[in-house]
file input_16.csv (CSV, C-alpha atoms and all ligand atoms)
chain,number,residue,atom,x,y,z
A,1,MET,CA,132.1,93.7,67.6
A,2,SER,CA,131.3,93.1,63.9
A,3,ALA,CA,128.8,95.3,62.1
A,4,THR,CA,126.5,92.3,61.7
A,5,VAL,CA,126.4,91.4,65.4
A,6,LEU,CA,125.9,95.1,66.2
A,7,GLN,CA,123.0,95.2,63.7
A,8,LEU,CA,121.4,92.1,65.2
A,9,LYS,CA,121.7,93.5,68.7
A,10,THR,CA,120.1,96.8,67.7
A,11,GLN,CA,117.3,94.9,65.9
A,12,HIS,CA,116.8,92.8,69.0
A,13,GLN,CA,116.7,95.9,71.2
A,14,TYR,CA,114.2,97.6,68.9
A,15,GLN,CA,111.9,94.5,69.0
A,16,HIS,CA,112.2,94.4,72.8
A,17,ASP,CA,111.4,98.2,73.1
A,18,THR,CA,108.4,97.8,70.7
A,19,MET,CA,107.0,94.8,72.7
A,20,ARG,CA,107.4,96.8,76.0
A,21,ALA,CA,105.6,99.8,74.5
A,22,ASP,CA,102.8,97.6,73.1
A,23,LEU,CA,102.4,95.9,76.5
A,24,VAL,CA,102.1,99.3,78.3
A,25,THR,CA,99.4,100.4,75.9
A,26,GLU,CA,97.5,97.1,76.4
A,27,LEU,CA,97.8,97.2,80.2
A,28,ALA,CA,96.7,100.9,80.3
A,29,ALA,CA,93.6,100.0,78.3
A,30,ARG,CA,92.9,96.8,80.3
A,31,TYR,CA,93.2,98.4,83.7
A,32,HIS,CA,91.9,101.8,82.8
A,33,ASP,CA,89.2,101.7,85.6
A,34,ALA,CA,90.9,99.3,88.0
A,35,SER,CA,91.5,100.0,91.7
A,36,ALA,CA,95.0,100.2,93.2
A,37,ALA,CA,94.5,96.8,94.8
A,38,ASP,CA,93.4,95.2,91.5
A,39,ILE,CA,96.4,96.6,89.7
A,40,LEU,CA,98.7,95.3,92.4
A,41,TYR,CA,97.1,91.9,92.2
A,42,ALA,CA,97.5,91.7,88.5
A,43,VAL,CA,101.1,92.9,88.6
A,44,LEU,CA,102.4,91.0,91.6
A,45,GLN,CA,100.4,87.8,91.4
A,46,GLU,CA,99.5,87.4,87.7
A,47,LYS,CA,102.8,89.1,86.6
A,48,VAL,CA,101.1,90.9,83.8
A,49,ALA,CA,104.2,93.2,83.5
A,50,GLY,CA,106.8,90.4,84.1
A,51,ASP,CA,109.1,90.4,87.1
A,52,VAL,CA,108.6,93.6,89.0
A,53,ALA,CA,110.0,95.2,92.1
A,54,LEU,CA,108.5,97.9,94.3
A,55,VAL,CA,110.5,101.0,95.1
A,56,SER,CA,109.8,102.7,98.4
A,57,SER,CA,111.3,105.6,100.3
A,58,PHE,CA,109.4,104.6,103.4
A,59,GLY,CA,108.4,108.2,103.5
A,60,ALA,CA,105.2,110.0,104.5
A,61,GLU,CA,102.5,108.0,102.6
A,62,SER,CA,104.6,104.9,101.8
A,63,SER,CA,102.6,102.8,104.2
A,64,VAL,CA,99.6,102.7,101.9
A,65,LEU,CA,101.4,101.1,98.9
A,66,LEU,CA,103.4,98.8,101.2
A,67,HIS,CA,100.3,97.7,103.0
A,68,LEU,CA,98.4,97.0,99.8
A,69,ALA,CA,101.4,95.1,98.4
A,70,ALA,CA,101.8,93.1,101.6
A,71,GLN,CA,98.2,91.9,101.3
A,72,VAL,CA,98.9,90.5,97.8
A,73,LYS,CA,102.5,89.3,98.2
A,74,PRO,CA,104.5,89.9,101.3
A,75,ASP,CA,107.7,88.7,99.7
A,76,THR,CA,107.5,91.3,96.9
A,77,PRO,CA,111.0,92.6,96.3
A,78,ILE,CA,111.1,96.1,97.8
A,79,ILE,CA,113.9,98.3,96.9
A,80,PHE,CA,114.9,101.0,99.5
A,81,LEU,CA,117.6,103.4,98.3
A,82,GLU,CA,119.8,103.8,101.3
A,83,THR,CA,121.4,107.1,100.3
A,84,GLY,CA,123.1,107.6,103.6
A,85,LYS,CA,121.1,110.8,104.1
A,86,HIS,CA,117.8,109.6,105.5
A,87,PHE,CA,116.3,111.0,108.6
A,88,ALA,CA,116.7,108.7,111.6
A,89,GLN,CA,112.9,108.8,111.9
A,90,THR,CA,112.6,107.3,108.4
A,91,LEU,CA,114.8,104.4,109.3
A,92,SER,CA,112.8,103.7,112.4
A,93,HIS,CA,109.5,104.0,110.5
A,94,LYS,CA,110.9,101.6,107.9
A,95,LYS,CA,111.6,99.0,110.6
A,96,LYS,CA,108.2,99.4,112.0
A,97,LEU,CA,106.4,99.0,108.7
A,98,ILE,CA,108.5,95.9,107.8
A,99,ASN,CA,107.5,94.3,111.1
A,100,GLU,CA,103.9,95.3,111.1
A,101,PHE,CA,103.2,94.3,107.5
A,102,GLY,CA,105.4,91.2,107.5
A,103,LEU,CA,107.5,92.3,104.5
A,104,THR,CA,110.1,89.6,103.9
A,105,ASN,CA,112.1,90.9,100.9
A,106,VAL,CA,113.3,94.5,101.5
A,107,LEU,CA,116.5,95.2,99.7
A,108,GLU,CA,118.7,98.0,101.0
A,109,ILE,CA,120.5,99.4,98.0
A,110,LYS,CA,123.6,101.6,98.7
A,111,PRO,CA,125.6,103.8,96.5
A,112,ASP,CA,128.9,102.5,95.1
A,113,GLN,CA,131.4,103.6,97.8
A,114,ALA,CA,134.2,104.1,95.2
A,115,ILE,CA,132.0,106.6,93.4
A,116,ILE,CA,131.1,108.3,96.7
A,117,GLN,CA,134.8,108.5,97.7
A,118,GLU,CA,135.6,110.0,94.3
A,119,ASN,CA,132.8,112.6,94.1
A,120,ASP,CA,131.5,113.2,97.6
A,121,LEU,CA,134.3,112.6,100.1
A,122,LYS,CA,133.0,115.2,102.5
A,123,GLY,CA,129.3,114.1,102.1
A,124,ASP,CA,128.2,117.6,101.2
A,125,LEU,CA,127.7,117.3,97.5
A,126,TRP,CA,124.0,118.1,98.0
A,127,ARG,CA,125.0,121.7,98.8
A,128,HIS,CA,126.9,122.3,95.5
A,129,ASN,CA,125.4,119.9,93.0
A,130,ALA,CA,122.1,118.2,94.1
A,131,ASP,CA,121.6,116.7,90.6
A,132,GLN,CA,125.0,114.9,90.8
A,133,CYS,CA,124.3,113.9,94.4
A,134,CYS,CA,121.0,112.3,93.5
A,135,ASP,CA,122.6,110.7,90.5
A,136,ILE,CA,125.3,108.9,92.5
A,137,ARG,CA,123.2,108.2,95.6
A,138,LYS,CA,119.8,107.3,93.9
A,139,VAL,CA,119.7,107.1,90.1
A,140,GLN,CA,122.7,104.9,89.4
A,141,PRO,CA,122.1,102.6,92.4
A,142,LEU,CA,118.5,102.1,91.3
A,143,LYS,CA,119.5,101.5,87.7
A,144,ALA,CA,121.8,98.7,88.9
A,145,ALA,CA,119.2,97.3,91.3
A,146,LEU,CA,116.6,97.0,88.5
A,147,THR,CA,118.8,94.9,86.3
A,148,GLY,CA,116.9,91.6,85.9
A,149,PHE,CA,113.5,93.2,86.5
A,150,ASP,CA,111.0,94.0,83.8
A,151,GLY,CA,109.4,96.8,85.7
A,152,TRP,CA,108.9,98.6,89.0
A,153,ILE,CA,106.1,99.9,91.1
A,154,THR,CA,106.1,103.5,92.4
A,155,GLY,CA,104.0,105.3,94.9
A,156,ARG,CA,103.5,108.5,92.9
A,157,LYS,CA,100.2,110.2,92.9
A,158,GLN,CA,98.7,112.8,90.5
A,159,PHE,CA,97.8,115.2,93.4
A,160,GLN,CA,101.4,115.5,94.6
A,161,ASN,CA,102.4,118.3,92.2
A,162,SER,CA,101.5,119.9,88.9
A,163,ALA,CA,104.1,117.8,87.0
A,164,ARG,CA,102.3,114.6,88.1
A,165,LEU,CA,98.7,115.7,87.1
A,166,ARG,CA,98.5,113.3,84.2
A,167,LEU,CA,100.4,110.4,85.7
A,168,PRO,CA,99.0,107.2,84.2
A,169,PHE,CA,98.8,103.7,85.8
A,170,PHE,CA,101.4,102.3,83.4
A,171,GLU,CA,104.4,104.0,81.8
A,172,ASP,CA,107.2,103.0,79.5
A,173,SER,CA,110.5,104.4,81.0
A,174,GLY,CA,112.5,103.4,77.9
A,175,THR,CA,114.0,100.4,79.8
A,176,HIS,CA,111.2,99.2,82.1
A,177,ILE,CA,107.5,99.3,82.7
A,178,LYS,CA,106.6,101.7,85.5
A,179,VAL,CA,103.5,100.9,87.4
A,180,ASN,CA,101.8,103.7,89.4
A,181,PRO,CA,98.8,102.0,91.1
A,182,LEU,CA,98.1,104.9,93.4
A,183,ALA,CA,98.1,107.5,90.6
A,184,ARG,CA,94.5,108.5,90.9
A,185,LEU,CA,94.1,108.4,94.7
A,186,SER,CA,93.5,111.8,96.3
A,187,LEU,CA,95.1,112.9,99.6
A,188,GLU,CA,91.8,112.2,101.2
A,189,ASP,CA,91.8,108.7,99.8
A,190,ILE,CA,95.3,108.1,101.3
A,191,THR,CA,94.3,109.5,104.7
A,192,THR,CA,91.1,107.5,104.8
A,193,TYR,CA,93.0,104.3,103.9
A,194,MET,CA,95.5,104.9,106.6
A,195,GLU,CA,92.8,105.5,109.2
A,196,GLN,CA,90.7,102.5,108.1
A,197,HIS,CA,93.7,100.2,108.4
A,198,ASN,CA,95.3,101.9,111.4
A,199,LEU,CA,98.5,102.4,109.5
A,200,PRO,CA,101.5,104.0,111.4
A,201,GLN,CA,102.2,107.6,110.6
A,202,HIS,CA,105.8,108.7,109.7
A,203,PRO,CA,106.8,110.7,112.8
A,204,LEU,CA,107.8,113.8,110.7
A,205,VAL,CA,104.3,114.3,109.2
A,206,ALA,CA,103.1,115.8,112.4
A,207,GLN,CA,105.9,118.3,112.2
A,208,GLY,CA,104.8,119.7,108.8
A,209,PHE,CA,106.6,117.3,106.4
A,210,PRO,CA,104.0,115.8,104.0
A,211,SER,CA,106.7,114.5,101.7
A,212,ILE,CA,109.9,113.1,103.0
A,213,GLY,CA,113.2,112.3,101.4
A,214,CYS,CA,116.9,112.9,102.4
A,215,TRP,CA,117.2,115.3,105.4
A,216,PRO,CA,119.4,117.9,103.6
A,217,CYS,CA,116.8,118.4,100.9
A,218,THR,CA,113.5,118.1,102.8
A,219,HIS,CA,111.7,121.0,104.4
A,220,PRO,CA,108.3,121.5,106.0
A,221,VAL,CA,105.5,123.1,103.8
A,222,THR,CA,102.7,125.4,104.5
A,223,ALA,CA,99.0,124.5,104.1
A,224,ASP,CA,98.7,126.3,100.7
A,225,GLU,CA,101.7,124.6,99.1
A,226,ASP,CA,102.0,121.4,97.0
A,227,VAL,CA,102.9,118.5,99.3
A,228,ARG,CA,106.3,118.2,97.5
A,229,ALA,CA,107.1,122.0,97.8
A,230,GLY,CA,109.6,121.3,100.6
A,231,ARG,CA,111.8,119.0,98.5
A,232,TRP,CA,114.9,120.8,97.3
A,233,ARG,CA,113.3,124.1,98.3
A,234,GLY,CA,114.7,127.1,96.5
A,235,GLN,CA,116.8,125.0,94.1
A,236,GLY,CA,114.4,124.8,91.1
A,237,LYS,CA,114.6,121.0,91.4
A,238,THR,CA,111.4,118.9,91.8
A,239,GLU,CA,112.5,115.3,91.2
A,240,CYS,CA,115.6,113.3,92.2
A,241,GLY,CA,116.0,111.9,88.7
A,242,ILE,CA,114.8,108.4,89.1
A,243,HIS,CA,111.5,109.4,87.4
A,244,LEU,CA,113.0,111.5,84.6
B,1,LIG,S1,117.9,114.2,97.9
B,1,LIG,FE1,119.6,115.5,98.5
B,1,LIG,S2,120.9,114.3,99.8
B,1,LIG,FE2,119.5,112.9,98.8
B,1,LIG,S3,120.6,112.1,97.1
B,1,LIG,FE3,119.4,113.9,96.4
B,1,LIG,S4,120.7,115.8,96.6
B,1,LIG,FE4,121.7,114.0,97.8

call {"tool": "encode", "arguments": {"input": "input_16.csv", "output": "structure tokens"}}
result
Amino acid sequence: MSATVLQLKTQHQYQHDTMRADLVTELAARYHDASAADILYAVLQEKVAGDVALVSSFGAESSVLLHLAAQVKPDTPIIFLETGKHFAQTLSHKKKLINEFGLTNVLEIKPDQAIIQENDLKGDLWRHNADQCCDIRKVQPLKAALTGFDGWITGRKQFQNSARLRLPFFEDSGTHIKVNPLARLSLEDITTYMEQHNLPQHPLVAQGFPSIGCWPCTHPVTADEDVRAGRWRGQGKTECGIHL
């Protein structure tokens, strides 16, 4: 590649990055006091952040975001990262939510099998190197799945742990716009919404799992712990990497 072409590409990328950052600032101001439903309507129907997918783990509280999105646009592209390590209960809960909410565009994204063969042949990489396991089973597959999308919607909330206390509605990830419509909802808001709409409970919640990911890295929590304290317990790891 010639120096001029490279310079033009860099300039183009810079302009693109600046436009995305400006849009995030504008959206944050415009929807500062908006409800989760209003933000989802603006993003999914009015496409204020461009083409956007929703990423869901179909975990403990996922039903709220999925139900809200289904009211606005049931064919919203929903990305589910099929790591190969989910609880059987999560897979059955996923089926149930898809049927009950009439979701028509759920995409199961799997890791690259050649990479798995090379790095995690025995399937126990999570024991020795959880960061690498998350990278090949979650981070890289999501990166590939988001190609062609301008942004993605997450179900993160401020109350989930101290690292999320200042989570905004709109973020610039450096490559995409991240939308967090539930950011300001409390655990009580979530519970009330689920009760009002009679949403199905993930079967593991009743067994002390308020936050649910892959089975090797998810443990029950006590009443005085953060809801995500059971994730990667004892490993000093709090996020899988898709939000870093
Ligand atoms: S959560 Fe655990 S099993 Fe799942 S991808 Fe990350 S390290 Fe691997």

call {"tool": "closest_atom_pairs", "arguments": {"input": "input_16.csv", "of": "chain A", "to": "ligand LIG 1 (chain B)", "cutoff": "10 Å", "atoms": "only C-alpha atoms and all ligand atoms", "output": "tab-separated table"}}
result
residue	atom	partner	partner_atom	distance
A:Leu81	CA	B:LIG1	S3	9.3
A:Glu82	CA	B:LIG1	S3	9.3
A:Thr83	CA	B:LIG1	S3	6.0
A:Gly84	CA	B:LIG1	FE2	8.0
A:Lys85	CA	B:LIG1	S2	5.5
A:His86	CA	B:LIG1	FE2	7.7
A:Pro111	CA	B:LIG1	S3	9.7
A:Asp120	CA	B:LIG1	FE4	9.8
A:Gly123	CA	B:LIG1	S2	8.7
A:Asp124	CA	B:LIG1	S2	8.1
A:Leu125	CA	B:LIG1	FE4	6.9
A:Trp126	CA	B:LIG1	S4	4.3
A:Arg127	CA	B:LIG1	S4	7.6
A:His128	CA	B:LIG1	S4	9.0
A:Asn129	CA	B:LIG1	S4	7.2
A:Ala130	CA	B:LIG1	S4	3.7
A:Asp131	CA	B:LIG1	S4	6.1
A:Gln132	CA	B:LIG1	S4	7.3
A:Cys133	CA	B:LIG1	FE4	4.3
A:Cys134	CA	B:LIG1	S3	3.6
A:Asp135	CA	B:LIG1	S3	7.0
A:Ile136	CA	B:LIG1	S3	7.3
A:Arg137	CA	B:LIG1	S3	4.9
A:Lys138	CA	B:LIG1	S3	5.8
A:Val139	CA	B:LIG1	S3	8.6
A:Ile212	CA	B:LIG1	S1	9.6
A:Gly213	CA	B:LIG1	S1	6.2
A:Cys214	CA	B:LIG1	FE2	4.4
A:Trp215	CA	B:LIG1	S2	6.8
A:Pro216	CA	B:LIG1	S2	5.4
A:Cys217	CA	B:LIG1	FE1	4.7
A:Thr218	CA	B:LIG1	S1	7.7
A:Arg231	CA	B:LIG1	S1	7.8
A:Trp232	CA	B:LIG1	FE1	7.2
A:Lys237	CA	B:LIG1	S4	9.6
A:Glu239	CA	B:LIG1	S1	8.7
A:Cys240	CA	B:LIG1	FE3	5.7
A:Gly241	CA	B:LIG1	FE3	8.7

call {"tool": "atom_distance", "arguments": {"input": "input_16.csv", "atom1": "atom CA of A:Leu97", "atom2": "atom CA of A:Tyr41"}}
result
20.2 Å

call {"tool": "closest_residue", "arguments": {"input": "input_16.csv", "among": "A:Lys73, A:Lys122, A:His197, A:Lys47", "to": "A:Leu103", "atoms": "all atoms listed in the file"}}
result
A:Lys73

call {"tool": "residues_around", "arguments": {"input": "input_16.csv", "residues": "A:Arg30", "least_positions_apart": "3", "cutoff": "12 Å", "atoms": "all atoms listed in the file", "output": "list of chain:residue names"}}
result
A:Leu23, A:Val24, A:Thr25, A:Glu26, A:Leu27, A:Asp33, A:Ala34, A:Ser35, A:Asp38, A:Ile39, A:Ala42, A:Val48, A:Phe169, A:Phe170

call {"tool": "atom_distance", "arguments": {"input": "input_16.csv", "atom1": "atom CA of A:Ala29", "atom2": "atom CA of A:Pro168"}}
result
10.8 Å

call {"tool": "closest_residue", "arguments": {"input": "input_16.csv", "among": "A:Ala114, A:Ala53, A:Val5, A:Leu121", "to": "A:Ile177", "atoms": "all atoms listed in the file"}}
result
A:Ala53

call {"tool": "atom_distance", "arguments": {"input": "input_16.csv", "atom1": "atom CA of A:Trp152", "atom2": "atom CA of A:Leu107"}}
result
13.6 Å

call {"tool": "closest_residue", "arguments": {"input": "input_16.csv", "among": "A:His16, A:His202, A:His93, A:His243", "to": "A:Ile153", "atoms": "all atoms listed in the file"}}
result
A:His243

call {"tool": "residues_around", "arguments": {"input": "input_16.csv", "residues": "A:Thr175", "least_positions_apart": "6", "cutoff": "9 Å", "atoms": "all atoms listed in the file", "output": "list of chain:residue names"}}
result
A:Asp17, A:Arg20, A:Asp150, A:Gly151

call {"tool": "closest_residue", "arguments": {"input": "input_16.csv", "among": "A:Glu171, A:Glu118, A:Asp75, A:Glu61", "to": "A:Thr192", "atoms": "only C-alpha atoms"}}
result
A:Glu61

call {"tool": "closest_residue", "arguments": {"input": "input_16.csv", "among": "A:Phe209, A:Leu142, A:Gly236, A:Gln7", "to": "A:Phe87", "atoms": "all atoms listed in the file"}}
result
A:Phe209

call {"tool": "closest_residue", "arguments": {"input": "input_16.csv", "among": "A:Met19, A:Leu40, A:Ile79, A:Leu6", "to": "A:Phe149", "atoms": "only C-alpha atoms"}}
result
A:Ile79

call {"tool": "residues_around", "arguments": {"input": "input_16.csv", "residues": "A:Ser162", "least_positions_apart": "4", "cutoff": "12 Å", "atoms": "all atoms listed in the file", "output": "ChimeraX atom specification"}}
result
/A:157-158,166-167,225-229,238

call {"tool": "write_last_selection", "arguments": {"input": "input_16.csv", "atoms": "C-alpha atoms", "output": "PDB file, in the coordinates of the input"}}
result
ATOM      1  CA  LYS A 157     100.200 110.200  92.900  1.00  0.00           C
ATOM      2  CA  GLN A 158      98.700 112.800  90.500  1.00  0.00           C
ATOM      3  CA  ARG A 166      98.500 113.300  84.200  1.00  0.00           C
ATOM      4  CA  LEU A 167     100.400 110.400  85.700  1.00  0.00           C
ATOM      5  CA  GLU A 225     101.700 124.600  99.100  1.00  0.00           C
ATOM      6  CA  ASP A 226     102.000 121.400  97.000  1.00  0.00           C
ATOM      7  CA  VAL A 227     102.900 118.500  99.300  1.00  0.00           C
ATOM      8  CA  ARG A 228     106.300 118.200  97.500  1.00  0.00           C
ATOM      9  CA  ALA A 229     107.100 122.000  97.800  1.00  0.00           C
ATOM     10  CA  THR A 238     111.400 118.900  91.800  1.00  0.00           C
TER      11      THR A 238
END

call {"tool": "residues_around", "arguments": {"input": "input_16.csv", "residues": "A:Gly208", "least_positions_apart": "2", "cutoff": "8 Å", "atoms": "only C-alpha atoms", "output": "ChimeraX atom specification"}}
result
/A:204-206,210,220-222

call {"tool": "decode", "arguments": {"input": "input_16.csv", "residues": "stretch 157-168 of chain A", "atoms": "N, CA, C and O atoms", "output": "PDB file, in the first residue's frame"}}
result
ATOM      1  N   LYS A 157     -26.295  -2.753  33.708  1.00  0.00           N
ATOM      2  CA  LYS A 157     -26.938  -1.814  34.637  1.00  0.00           C
ATOM      3  C   LYS A 157     -25.911  -1.283  35.637  1.00  0.00           C
ATOM      4  O   LYS A 157     -24.974  -2.015  35.985  1.00  0.00           O
ATOM      5  N   GLN A 158     -26.168  -0.054  36.114  1.00  0.00           N
ATOM      6  CA  GLN A 158     -25.211   0.551  37.050  1.00  0.00           C
ATOM      7  C   GLN A 158     -25.115  -0.213  38.367  1.00  0.00           C
ATOM      8  O   GLN A 158     -24.059  -0.269  38.975  1.00  0.00           O
ATOM      9  N   PHE A 159     -26.207  -0.808  38.802  1.00  0.00           N
ATOM     10  CA  PHE A 159     -26.201  -1.421  40.135  1.00  0.00           C
ATOM     11  C   PHE A 159     -25.425  -2.739  40.182  1.00  0.00           C
ATOM     12  O   PHE A 159     -25.119  -3.256  41.255  1.00  0.00           O
ATOM     13  N   GLN A 160     -25.049  -3.288  39.019  1.00  0.00           N
ATOM     14  CA  GLN A 160     -24.506  -4.651  39.002  1.00  0.00           C
ATOM     15  C   GLN A 160     -23.173  -4.811  39.724  1.00  0.00           C
ATOM     16  O   GLN A 160     -22.930  -5.832  40.339  1.00  0.00           O
ATOM     17  N   ASN A 161     -22.309  -3.824  39.602  1.00  0.00           N
ATOM     18  CA  ASN A 161     -21.078  -3.847  40.410  1.00  0.00           C
ATOM     19  C   ASN A 161     -20.464  -2.451  40.418  1.00  0.00           C
ATOM     20  O   ASN A 161     -20.920  -1.559  39.692  1.00  0.00           O
ATOM     21  N   SER A 162     -19.439  -2.265  41.239  1.00  0.00           N
ATOM     22  CA  SER A 162     -18.900  -0.912  41.409  1.00  0.00           C
ATOM     23  C   SER A 162     -18.292  -0.377  40.107  1.00  0.00           C
ATOM     24  O   SER A 162     -18.296   0.825  39.868  1.00  0.00           O
ATOM     25  N   ALA A 163     -17.816  -1.253  39.240  1.00  0.00           N
ATOM     26  CA  ALA A 163     -17.198  -0.796  37.988  1.00  0.00           C
ATOM     27  C   ALA A 163     -18.237  -0.206  37.027  1.00  0.00           C
ATOM     28  O   ALA A 163     -17.888   0.486  36.079  1.00  0.00           O
ATOM     29  N   ARG A 164     -19.510  -0.506  37.263  1.00  0.00           N
ATOM     30  CA  ARG A 164     -20.556  -0.036  36.344  1.00  0.00           C
ATOM     31  C   ARG A 164     -21.368   1.135  36.913  1.00  0.00           C
ATOM     32  O   ARG A 164     -22.374   1.532  36.321  1.00  0.00           O
ATOM     33  N   LEU A 165     -20.900   1.691  38.053  1.00  0.00           N
ATOM     34  CA  LEU A 165     -21.683   2.730  38.740  1.00  0.00           C
ATOM     35  C   LEU A 165     -21.980   3.947  37.881  1.00  0.00           C
ATOM     36  O   LEU A 165     -23.000   4.612  38.060  1.00  0.00           O
ATOM     37  N   ARG A 166     -21.089   4.269  36.959  1.00  0.00           N
ATOM     38  CA  ARG A 166     -21.268   5.477  36.137  1.00  0.00           C
ATOM     39  C   ARG A 166     -21.618   5.131  34.695  1.00  0.00           C
ATOM     40  O   ARG A 166     -21.432   5.947  33.786  1.00  0.00           O
ATOM     41  N   LEU A 167     -22.129   3.958  34.476  1.00  0.00           N
ATOM     42  CA  LEU A 167     -22.444   3.509  33.112  1.00  0.00           C
ATOM     43  C   LEU A 167     -23.450   4.462  32.442  1.00  0.00           C
ATOM     44  O   LEU A 167     -24.537   4.706  32.971  1.00  0.00           O
ATOM     45  N   PRO A 168     -23.102   5.029  31.277  1.00  0.00           N
ATOM     46  CA  PRO A 168     -24.027   5.954  30.597  1.00  0.00           C
ATOM     47  C   PRO A 168     -24.973   5.206  29.648  1.00  0.00           C
ATOM     48  O   PRO A 168     -24.792   4.019  29.382  1.00  0.00           O
TER      49      PRO A 168
END
